[in-house]
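Peer 1: Sharing run.tsv below, TSV, C-alpha atoms:
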chain	number	residue	atom	x	y	z
I	1	MET	CA	79.23	96.73	126.18
I	2	THR	CA	78.73	98.42	122.80
I	3	GLU	CA	81.18	98.52	119.93
I	4	THR	CA	81.94	102.18	120.54
I	5	GLU	CA	82.81	101.86	124.20
I	6	GLU	CA	86.45	101.97	125.21
I	7	ILE	CA	87.89	99.82	127.95
I	8	GLY	CA	90.06	100.71	130.75
I	9	HIS	CA	93.00	102.70	129.76
I	10	GLU	CA	94.03	105.99	128.31
I	11	SER	CA	95.08	106.19	124.72
I	12	GLU	CA	98.76	106.36	123.87
I	13	ILE	CA	97.90	108.06	120.56
I	14	GLU	CA	97.82	111.71	121.58
I	15	ASP	CA	100.53	113.35	119.47
I	16	GLN	CA	99.14	115.41	116.60
I	17	ASP	CA	101.32	113.58	114.08
I	18	ASP	CA	100.00	110.25	115.32
I	19	LEU	CA	96.40	111.48	115.15
I	20	ALA	CA	97.01	112.65	111.60
I	21	LEU	CA	98.45	109.24	110.75
I	22	VAL	CA	95.36	107.52	112.14
I	23	LYS	CA	93.17	109.76	109.99
I	24	ARG	CA	95.32	108.95	106.95
I	25	MET	CA	94.94	105.26	107.76
I	26	GLN	CA	91.15	105.55	107.89
I	27	GLU	CA	91.02	107.59	104.68
I	28	GLY	CA	93.43	105.20	102.99
I	29	ARG	CA	91.26	102.25	103.92
I	30	ASP	CA	88.20	103.98	102.41
I	31	LYS	CA	90.09	104.76	99.20
I	32	ILE	CA	91.34	101.19	98.85
I	33	VAL	CA	87.85	99.79	99.38
I	34	ALA	CA	86.47	102.17	96.75
I	35	GLU	CA	89.08	100.95	94.25
I	36	ILE	CA	88.50	97.28	95.09
I	37	LYS	CA	84.76	97.73	94.49
I	38	LYS	CA	85.54	98.66	90.89
I	39	VAL	CA	86.56	95.02	90.41
I	40	ILE	CA	85.07	92.96	93.27
I	41	ILE	CA	81.32	92.85	93.92
I	42	GLY	CA	80.16	92.21	97.48
I	43	GLN	CA	82.48	90.49	100.00
I	44	GLU	CA	82.64	93.61	102.20
I	45	ASP	CA	83.51	91.71	105.38
I	46	ILE	CA	86.23	89.76	103.56
I	47	ILE	CA	87.79	92.97	102.24
I	48	ASP	CA	87.72	94.55	105.72
I	49	GLU	CA	89.56	91.61	107.29
I	50	LEU	CA	92.11	91.51	104.48
I	51	LEU	CA	92.94	95.18	105.07
I	52	ILE	CA	93.07	94.69	108.86
I	53	ALA	CA	95.70	92.00	108.32
I	54	LEU	CA	97.72	94.19	105.93
I	55	PHE	CA	97.66	97.17	108.28
I	56	GLY	CA	98.62	94.87	111.15
I	57	GLY	CA	101.49	93.21	109.28
I	58	GLY	CA	99.90	89.76	109.09
I	59	HIS	CA	99.68	87.11	106.39
I	60	VAL	CA	96.32	85.88	105.10
I	61	LEU	CA	95.05	82.55	103.81
I	62	VAL	CA	91.94	82.87	101.63
I	63	THR	CA	90.01	79.67	101.01
I	64	GLY	CA	87.01	78.74	98.93
I	65	VAL	CA	85.89	76.62	96.01
I	66	PRO	CA	87.12	77.60	92.52
I	67	GLY	CA	85.49	80.57	90.85
I	68	LEU	CA	84.90	82.83	93.86
I	69	ALA	CA	87.50	85.48	92.83
I	70	LYS	CA	90.05	84.61	95.53
I	71	THR	CA	92.99	85.30	93.26
I	72	LEU	CA	91.34	88.34	91.69
I	73	LEU	CA	90.73	89.90	95.12
I	74	ILE	CA	94.35	89.53	96.21
I	75	LYS	CA	95.75	90.64	92.87
I	76	THR	CA	93.48	93.71	92.93
I	77	VAL	CA	94.75	94.71	96.39
I	78	ALA	CA	98.34	94.32	95.19
I	79	ASP	CA	97.62	96.37	92.07
I	80	ILE	CA	96.14	99.20	94.15
I	81	LEU	CA	99.10	99.45	96.54
I	82	LYS	CA	102.31	100.95	95.18
I	83	VAL	CA	104.50	98.00	96.15
I	84	ASP	CA	106.37	95.17	94.46
I	85	PHE	CA	104.23	92.15	93.70
I	86	SER	CA	105.02	88.55	92.76
I	87	ARG	CA	102.72	85.67	91.99
I	88	ILE	CA	103.63	82.01	92.28
I	89	GLN	CA	101.29	79.39	90.89
I	90	PHE	CA	101.77	76.45	93.25
I	91	THR	CA	101.77	73.13	91.40
I	92	PRO	CA	102.80	69.56	92.35
I	93	ASP	CA	106.17	69.90	90.58
I	94	LEU	CA	107.13	73.25	92.17
I	95	MET	CA	110.41	73.05	94.11
I	96	PRO	CA	111.63	75.15	97.08
I	97	ALA	CA	114.32	76.73	94.89
I	98	ASP	CA	111.57	77.97	92.56
I	99	VAL	CA	110.25	80.01	95.48
I	100	VAL	CA	113.30	81.28	97.41
I	101	GLY	CA	115.94	81.15	94.67
I	102	SER	CA	119.13	79.17	94.23
I	103	GLU	CA	122.87	79.46	93.68
I	104	VAL	CA	124.10	79.38	90.10
I	105	VAL	CA	127.60	79.19	88.69
I	106	GLU	CA	128.73	82.34	86.89
I	107	GLU	CA	131.83	82.92	84.83
I	108	GLY	CA	133.84	85.97	85.88
I	109	GLU	CA	137.19	87.57	85.30
I	110	HIS	CA	138.68	85.50	88.09
I	111	GLY	CA	137.00	82.25	87.16
I	112	ARG	CA	133.76	80.64	88.23
I	113	LYS	CA	131.84	81.68	91.31
I	114	LEU	CA	128.53	80.86	92.95
I	115	THR	CA	125.94	83.64	92.88
I	116	PHE	CA	122.60	83.56	94.67
I	117	VAL	CA	119.74	84.38	92.32
I	118	ARG	CA	116.74	85.58	94.28
I	119	GLY	CA	113.41	83.90	93.73
I	120	PRO	CA	109.97	85.51	93.52
I	121	ILE	CA	109.61	85.46	97.32
I	122	PHE	CA	111.74	88.61	97.46
I	123	THR	CA	108.91	91.10	97.02
I	124	ASN	CA	106.44	93.11	99.12
I	125	ILE	CA	103.28	91.15	98.39
I	126	LEU	CA	103.57	87.50	97.43
I	127	LEU	CA	100.48	85.84	96.01
I	128	ALA	CA	100.85	82.12	96.73
I	129	ASP	CA	98.11	80.94	94.41
I	130	GLU	CA	96.52	77.56	95.25
I	131	ILE	CA	99.16	76.98	97.90
I	132	ASN	CA	97.77	73.56	98.79
I	133	ARG	CA	98.39	72.16	95.31
I	134	THR	CA	102.09	71.71	96.04
I	135	PRO	CA	103.61	69.19	98.50
I	136	PRO	CA	104.48	70.25	102.09
I	137	LYS	CA	108.20	70.32	101.25
I	138	THR	CA	107.65	73.28	98.95
I	139	GLN	CA	104.99	74.87	101.13
I	140	SER	CA	107.47	74.94	104.01
I	141	SER	CA	109.90	77.04	101.96
I	142	LEU	CA	107.80	80.03	103.04
I	143	LEU	CA	108.16	79.39	106.77
I	144	GLU	CA	111.26	81.44	107.56
I	145	ALA	CA	110.21	84.36	105.39
I	146	MET	CA	106.73	84.49	106.93
I	147	GLU	CA	107.97	84.49	110.51
I	148	GLU	CA	111.36	86.22	110.43
I	149	ARG	CA	111.16	88.25	107.21
I	150	GLN	CA	114.36	86.66	105.92
I	151	VAL	CA	115.53	83.72	103.83
I	152	THR	CA	118.59	81.57	104.52
I	153	ALA	CA	120.23	79.93	101.52
I	154	ALA	CA	123.54	78.09	101.57
I	155	GLY	CA	124.19	79.43	105.06
I	156	VAL	CA	123.72	83.07	104.07
I	157	THR	CA	120.79	85.11	105.40
I	158	HIS	CA	119.01	87.41	102.96
I	159	PRO	CA	116.60	89.97	104.49
I	160	MET	CA	113.20	90.54	102.88
I	161	SER	CA	111.93	93.89	101.70
I	162	LYS	CA	109.51	95.69	103.98
I	163	PRO	CA	106.58	95.46	104.12
I	164	PHE	CA	106.30	91.75	103.32
I	165	PHE	CA	103.04	89.84	103.11
I	166	VAL	CA	102.08	86.37	101.98
I	167	LEU	CA	98.53	86.34	100.66
I	168	ALA	CA	97.71	82.75	99.82
I	169	THR	CA	94.70	81.15	98.18
I	170	GLN	CA	93.58	77.60	98.85
I	171	ASN	CA	90.94	75.24	97.56
I	172	PRO	CA	89.18	73.06	100.15
I	173	ILE	CA	91.46	70.18	101.09
I	174	GLU	CA	88.84	67.58	100.27
I	175	LEU	CA	89.16	68.38	96.57
I	176	GLU	CA	91.30	66.04	94.48
I	177	GLY	CA	94.93	66.97	93.89
I	178	THR	CA	95.51	69.01	97.05
I	179	TYR	CA	97.82	68.63	100.06
I	180	PRO	CA	97.08	69.76	103.63
I	181	LEU	CA	99.24	72.64	104.82
I	182	PRO	CA	101.65	71.87	107.70
I	183	GLU	CA	100.29	73.09	111.02
I	184	ALA	CA	103.44	75.14	111.60
I	185	GLN	CA	102.76	77.07	108.41
I	186	LEU	CA	99.05	77.51	109.06
I	187	ASP	CA	99.88	79.09	112.41
I	188	ARG	CA	101.92	81.78	110.67
I	189	PHE	CA	98.84	83.17	108.94
I	190	MET	CA	97.10	85.86	110.97
I	191	PHE	CA	93.73	85.08	109.37
I	192	LYS	CA	92.08	82.29	107.46
I	193	ILE	CA	89.29	83.94	105.51
I	194	GLU	CA	86.55	81.90	103.88
I	195	LEU	CA	84.87	83.11	100.70
I	196	ASP	CA	81.33	81.92	100.15
I	197	TYR	CA	79.04	82.15	97.15
I	198	LEU	CA	77.65	85.59	96.34
I	199	SER	CA	74.02	86.48	96.79
I	200	GLU	CA	71.84	86.12	93.71
I	201	GLN	CA	71.71	89.88	93.13
I	202	ASP	CA	75.50	90.27	93.49
I	203	GLU	CA	76.02	87.40	91.08
I	204	VAL	CA	73.73	89.09	88.55
I	205	THR	CA	75.88	92.23	88.86
I	206	VAL	CA	79.11	90.24	88.41
I	207	VAL	CA	77.84	88.46	85.30
I	208	GLY	CA	76.65	91.74	83.81
I	209	GLN	CA	79.94	93.55	84.44
I	210	THR	CA	82.26	90.76	83.34
I	211	THR	CA	80.53	90.02	80.04
I	212	GLN	CA	80.86	93.49	78.59
I	213	THR	CA	83.70	95.84	77.73
I	214	HIS	CA	84.78	97.96	80.67
I	215	ASP	CA	87.82	99.87	81.92
I	216	ASN	CA	88.85	99.18	85.50
I	217	ALA	CA	91.78	101.58	85.77
I	218	LEU	CA	92.83	101.58	89.41
I	219	ALA	CA	94.25	104.44	91.47
I	220	HIS	CA	97.15	103.88	93.87
I	221	PRO	CA	96.32	105.77	97.08
I	222	LEU	CA	98.90	104.09	99.35
I	223	GLY	CA	102.46	102.77	99.14
I	224	GLY	CA	104.79	100.59	101.15
I	225	GLU	CA	105.89	103.39	103.52
I	226	ASP	CA	102.26	104.12	104.34
I	227	ILE	CA	101.68	100.48	105.28
I	228	LEU	CA	104.76	100.49	107.53
I	229	ASP	CA	103.50	103.67	109.23
I	230	PHE	CA	100.11	102.03	109.82
I	231	GLN	CA	101.75	98.96	111.32
I	232	ARG	CA	103.71	101.18	113.70
I	233	ILE	CA	100.74	103.25	114.84
I	234	ALA	CA	98.56	100.16	115.34
I	235	ARG	CA	100.98	98.79	117.93
I	236	GLN	CA	100.62	101.99	119.96
I	237	VAL	CA	96.92	101.36	120.54
I	238	PRO	CA	96.46	100.28	124.17
I	239	ALA	CA	94.71	97.07	125.13
I	240	ALA	CA	93.41	96.86	128.69
I	241	GLU	CA	94.57	93.88	130.73
I	242	ALA	CA	90.96	92.68	130.97
I	243	VAL	CA	90.72	92.50	127.17
I	244	ILE	CA	94.04	90.65	126.89
I	245	LYS	CA	92.89	88.21	129.58
I	246	TYR	CA	89.68	87.63	127.64
I	247	ALA	CA	91.59	86.87	124.43
I	248	VAL	CA	93.93	84.49	126.28
I	249	ARG	CA	90.97	82.84	128.00
I	250	LEU	CA	89.35	82.16	124.63
I	251	VAL	CA	92.57	80.62	123.33
I	252	HIS	CA	93.05	78.47	126.44
I	253	ALA	CA	89.46	77.26	126.22
I	254	SER	CA	90.13	76.00	122.67
I	255	ARG	CA	92.70	73.47	123.95
I	256	PRO	CA	91.26	70.08	124.91
I	257	GLN	CA	94.26	69.40	127.18
I	258	THR	CA	93.22	72.31	129.43
I	259	GLU	CA	91.19	71.27	132.48
I	260	SER	CA	88.86	74.26	132.11
I	261	ALA	CA	88.10	73.52	128.45
I	262	PRO	CA	84.38	73.05	127.74
I	263	ASP	CA	83.18	69.48	127.21
I	264	PHE	CA	82.50	70.03	123.50
I	265	ILE	CA	86.14	71.09	123.01
I	266	LYS	CA	87.35	67.89	124.67
I	267	ASP	CA	84.91	65.85	122.57
I	268	TRP	CA	85.57	67.41	119.16
I	269	VAL	CA	89.01	69.06	119.14
I	270	SER	CA	92.32	67.25	118.83
I	271	TRP	CA	94.48	70.38	118.99
I	272	GLY	CA	93.66	73.93	119.98
I	273	ALA	CA	95.11	77.34	119.22
I	274	GLY	CA	98.58	78.46	120.32
I	275	ILE	CA	99.94	81.74	121.61
I	276	ARG	CA	100.01	83.32	118.14
I	277	ALA	CA	96.22	83.25	118.27
I	278	SER	CA	96.19	85.46	121.38
I	279	GLN	CA	98.75	87.80	119.85
I	280	ASN	CA	96.83	88.09	116.59
I	281	LEU	CA	93.50	88.67	118.33
I	282	ILE	CA	94.95	91.69	120.13
I	283	LEU	CA	97.06	93.07	117.26
I	284	ALA	CA	94.26	92.76	114.72
I	285	GLY	CA	91.88	94.18	117.33
I	286	LYS	CA	94.06	97.28	117.56
I	287	VAL	CA	93.83	97.84	113.80
I	288	ARG	CA	90.08	97.25	113.81
I	289	ALA	CA	89.64	99.73	116.63
I	290	LEU	CA	91.52	102.45	114.74
I	291	LEU	CA	89.56	101.83	111.55
I	292	LEU	CA	86.33	102.17	113.54
I	293	GLY	CA	87.49	105.43	115.11
I	294	ARG	CA	88.45	104.13	118.55
I	295	TYR	CA	91.76	104.21	120.41
I	296	ASN	CA	91.27	101.18	122.67
I	297	VAL	CA	90.64	97.53	121.91
I	298	SER	CA	87.21	96.26	122.99
I	299	TYR	CA	85.84	92.82	123.70
I	300	GLY	CA	83.79	93.29	120.55
I	301	ASP	CA	86.96	93.57	118.47
I	302	VAL	CA	88.21	90.26	119.87
I	303	ARG	CA	84.91	88.49	119.26
I	304	ALA	CA	84.54	89.86	115.73
I	305	LEU	CA	87.99	88.65	114.70
I	306	ALA	CA	87.97	85.31	116.55
I	307	PRO	CA	86.54	83.20	113.68
I	308	SER	CA	89.28	84.19	111.22
I	309	VAL	CA	92.01	83.85	113.87
I	310	PHE	CA	90.83	80.44	115.15
I	311	ARG	CA	89.60	78.85	111.92
I	312	HIS	CA	92.98	77.37	110.90
I	313	ARG	CA	94.28	76.80	114.42
I	314	ILE	CA	91.59	74.50	115.80
I	315	LEU	CA	91.99	70.95	114.50
I	316	LEU	CA	88.95	68.72	114.78
I	317	ASN	CA	89.07	65.00	115.55
I	318	PHE	CA	87.22	62.13	113.92
I	319	HIS	CA	84.31	62.45	116.40
I	320	ALA	CA	83.58	65.93	115.09
I	321	GLU	CA	83.85	64.75	111.50
I	322	ALA	CA	81.51	61.83	112.21
I	323	GLU	CA	78.97	64.21	113.70
I	324	ARG	CA	79.46	66.67	110.81
I	325	VAL	CA	80.62	69.40	113.16
I	326	THR	CA	82.60	72.16	111.44
I	327	THR	CA	85.34	74.38	112.81
I	328	ASN	CA	83.00	77.35	112.51
I	329	ASP	CA	80.45	75.50	114.67
I	330	VAL	CA	83.09	74.95	117.35
I	331	ILE	CA	84.19	78.61	117.27
I	332	GLU	CA	80.60	79.80	117.59
I	333	ARG	CA	80.05	77.60	120.63
I	334	LEU	CA	83.41	78.66	122.08
I	335	LEU	CA	82.39	82.33	121.95
I	336	GLU	CA	79.17	81.43	123.75
I	337	ALA	CA	81.00	79.37	126.36
I	338	VAL	CA	83.53	82.10	127.23
I	339	PRO	CA	81.52	85.26	127.94
I	340	GLU	CA	82.94	88.75	128.10
I	341	PRO	CA	84.26	89.28	131.66
I	342	ALA	CA	82.23	92.46	132.21
I	343	SER	CA	82.64	92.16	135.97
I	344	GLU	CA	86.40	92.68	135.63
I	345	ILE	CA	86.17	96.09	133.96
Rewrite the structure from the file as structure tokens, please.
Peer 2:
Amino acid sequence: MTETEEIGHESEIEDQDDLALVKRMQEGRDKIVAEIKKVIIGQEDIIDELLIALFGGGHVLVTGVPGLAKTLLIKTVADILKVDFSRIQFTPDLMPADVVGSEVVEEGEHGRKLTFVRGPIFTNILLADEINRTPPKTQSSLLEAMEERQVTAAGVTHPMSKPFFVLATQNPIELEGTYPLPEAQLDRFMFKIELDYLSEQDEVTVVGQTTQTHDNALAHPLGGEDILDFQRIARQVPAAEAVIKYAVRLVHASRPQTESAPDFIKDWVSWGAGIRASQNLILAGKVRALLLGRYNVSYGDVRALAPSVFRHRILLNFHAEAERVTTNDVIERLLEAVPEPASEI
């Protein structure tokens, strides 16, 4: 089946206002990419997945060795969108109160009282820079906000602004001075995106542009309300039952405890993906379909997004490490082992 083929089911996006919103989403994506390219050279696939997550309402973890413009990419996206932005530099001495806020004593006309002072987490886009350089206790301060879009402090619940995204950067965990992220927090990221070194020609362009005077004034084509509209319209895109079954089958096959799991999963994987993986494959697939001009999710959407959805949800065991098998290797073999169920269409 080709990328342009639709599967199964009539589109639910038929209203003229909805069609106009889809067009605005596609045009907005093109405008954002054009602005990003004023600052970021190459990394087209990375930019596409970052925007898919934003339009789908998901959080993103960007990983790579130092110097690959992880922070610059996220900060550029935040600068382009007309939304509130906060940046937290995660360090070993950062405390949970430095992230979510704390109660302070204030003097008033009627004496002292406790007042909650909001931390930098109360924003639209939160850049959690080098998130794995702070201990798990502080990392976990993001959990409630990432899942429920609220923060509870001293028994009082404080809702987050909408939209709310955590865009985190991370250095590889084998580097000195880093802490592994708790699995519960990793699972709350829609995507884990890996940045690799640029090609030689792209690196020549980067060095040339960054060692001379230049003006990178950025336009602001979209705002927070636009993002919320895109999130709403994306959920109206239909996904045929066959496509959902395929996504679930991929997720089930990643779990070594499942009887039907391939032998290499049982040999190399200690823990597979959970239900959020299935949900994110379909939701992100809906956004990808719209951006490619389709109104139904295809198997191709699921397969294209599987690496970034699975990468942080499949935990390898010591056998895989001993054999120098990577998570990407396992995902590639998983996609080969679970073919598209064309016979079910």
Peer 1: Which one of I:Arg235, I:Asp79, I:Gln170, I:Ile46 sits closest to I:Leu290 if you count all atoms listed in the file?
Peer 2: I:Arg235
Peer 1: Under the rule that only C-alpha atoms are counted, which of I:Val166, I:Leu334, I:Leu51, I:Val156 is the nearest residue to I:Ile32?
Peer 2: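 Nearest to I:Ile32: I:Leu51.
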Peer 1: Residues at most 7 Å from I:Phe165, counting all atoms listed in the file, excluding those fewer than 6 positions away in the same chain, as a ChimeraX atom specification?
Peer 2: /I:58-59,124-126
Peer 1: Using all atoms listed in the file, which of the listed residues (I:Leu222, I:Val100, I:Ile265, I:Met95) sits closest to I:Gly28?
Peer 2: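 Smallest separation from I:Gly28 among the options: I:Leu222.
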Peer 1: I:Gly101: which residues within 6 Å, counting all atoms listed in the file, same-chain residues fewer than 2 positions away excluded, as a PyMOL selection string?
Peer 2: chain I and resi 97-99+117-119
Peer 1: Give me the residues within 12 Å of I:Arg24 as a ChimeraX atom specification, counting all atoms listed in the file and dropping any in the same chain fewer than 3 places off.
Peer 2: /I:17-21,27-32,221-222,226-227,229-230,233,290-291,293
Peer 1: So what do you get for atom CA of I:Lys266 versus atom CA of I:Ala253, distance-wise?
Peer 2: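 Separation of atom CA of I:Lys266 and atom CA of I:Ala253: 9.7 Å.
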Peer 1: In Å, how far is it from atom CA of I:Asn296 to atom CA of I:Ala240?
Peer 2: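 According to the coordinates, atom CA of I:Asn296 and atom CA of I:Ala240 are separated by 7.7 Å.
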Peer 1: In Å, how far is it from atom CA of I:Ile121 to atom CA of I:Leu50?
Peer 2: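 Pair atom CA of I:Ile121 / atom CA of I:Leu50 returns 19.9 Å.
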Peer 1: Counting all atoms listed in the file, figure out which residue out of I:Val243, I:Ile314, I:Leu72, I:Leu281 gets nearest to I:Val330.
Peer 2: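 Using all atoms listed in the file, the shortest distance to I:Val330 belongs to I:Ile314.
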Peer 1: Nearest to I:Pro172: which of I:Val151, I:Ala289, I:Leu195, I:Val77 is it, counting all atoms listed in the file?
Peer 2: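 Nearest to I:Pro172: I:Leu195.
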Peer 1: Restricting the calculation to all atoms listed in the file, which member of I:Pro135, I:Glu147, I:Glu130, I:Ser298 is positioned closest to I:Val65?
Peer 2: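 Closest to I:Val65 of all the choices is I:Glu130.
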Peer 1: Which protein, DNA or RNA residues have an atom at most 9 Å from (94.9, 67.4, 93.7), counting all atoms listed in the file? List them as a PyMOL selection string.
Peer 2: chain I and resi 92+132-134+173-179
Peer 1: What lies within 10 Å of I:Phe310 using all atoms listed in the file, ignoring chain neighbours under 5 positions off, as a PyMOL selection string?
Peer 2: chain I and resi 187+190-192+250-251+254+272-274+277-278+280-281+305+315+327-328+330-331
Peer 1: Pull C-alpha atoms from the residues just selected and write them as a PDB file, in the coordinates of the input.
Peer 2:
ATOM      1  CA  ASP I 187      99.880  79.090 112.410  1.00  0.00           C
ATOM      2  CA  MET I 190      97.100  85.860 110.970  1.00  0.00           C
ATOM      3  CA  PHE I 191      93.730  85.080 109.370  1.00  0.00           C
ATOM      4  CA  LYS I 192      92.080  82.290 107.460  1.00  0.00           C
ATOM      5  CA  LEU I 250      89.350  82.160 124.630  1.00  0.00           C
ATOM      6  CA  VAL I 251      92.570  80.620 123.330  1.00  0.00           C
ATOM      7  CA  SER I 254      90.130  76.000 122.670  1.00  0.00           C
ATOM      8  CA  GLY I 272      93.660  73.930 119.980  1.00  0.00           C
ATOM      9  CA  ALA I 273      95.110  77.340 119.220  1.00  0.00           C
ATOM     10  CA  GLY I 274      98.580  78.460 120.320  1.00  0.00           C
ATOM     11  CA  ALA I 277      96.220  83.250 118.270  1.00  0.00           C
ATOM     12  CA  SER I 278      96.190  85.460 121.380  1.00  0.00           C
ATOM     13  CA  ASN I 280      96.830  88.090 116.590  1.00  0.00           C
ATOM     14  CA  LEU I 281      93.500  88.670 118.330  1.00  0.00           C
ATOM     15  CA  LEU I 305      87.990  88.650 114.700  1.00  0.00           C
ATOM     16  CA  LEU I 315      91.990  70.950 114.500  1.00  0.00           C
ATOM     17  CA  THR I 327      85.340  74.380 112.810  1.00  0.00           C
ATOM     18  CA  ASN I 328      83.000  77.350 112.510  1.00  0.00           C
ATOM     19  CA  VAL I 330      83.090  74.950 117.350  1.00  0.00           C
ATOM     20  CA  ILE I 331      84.190  78.610 117.270  1.00  0.00           C
TER      21      ILE I 331
END
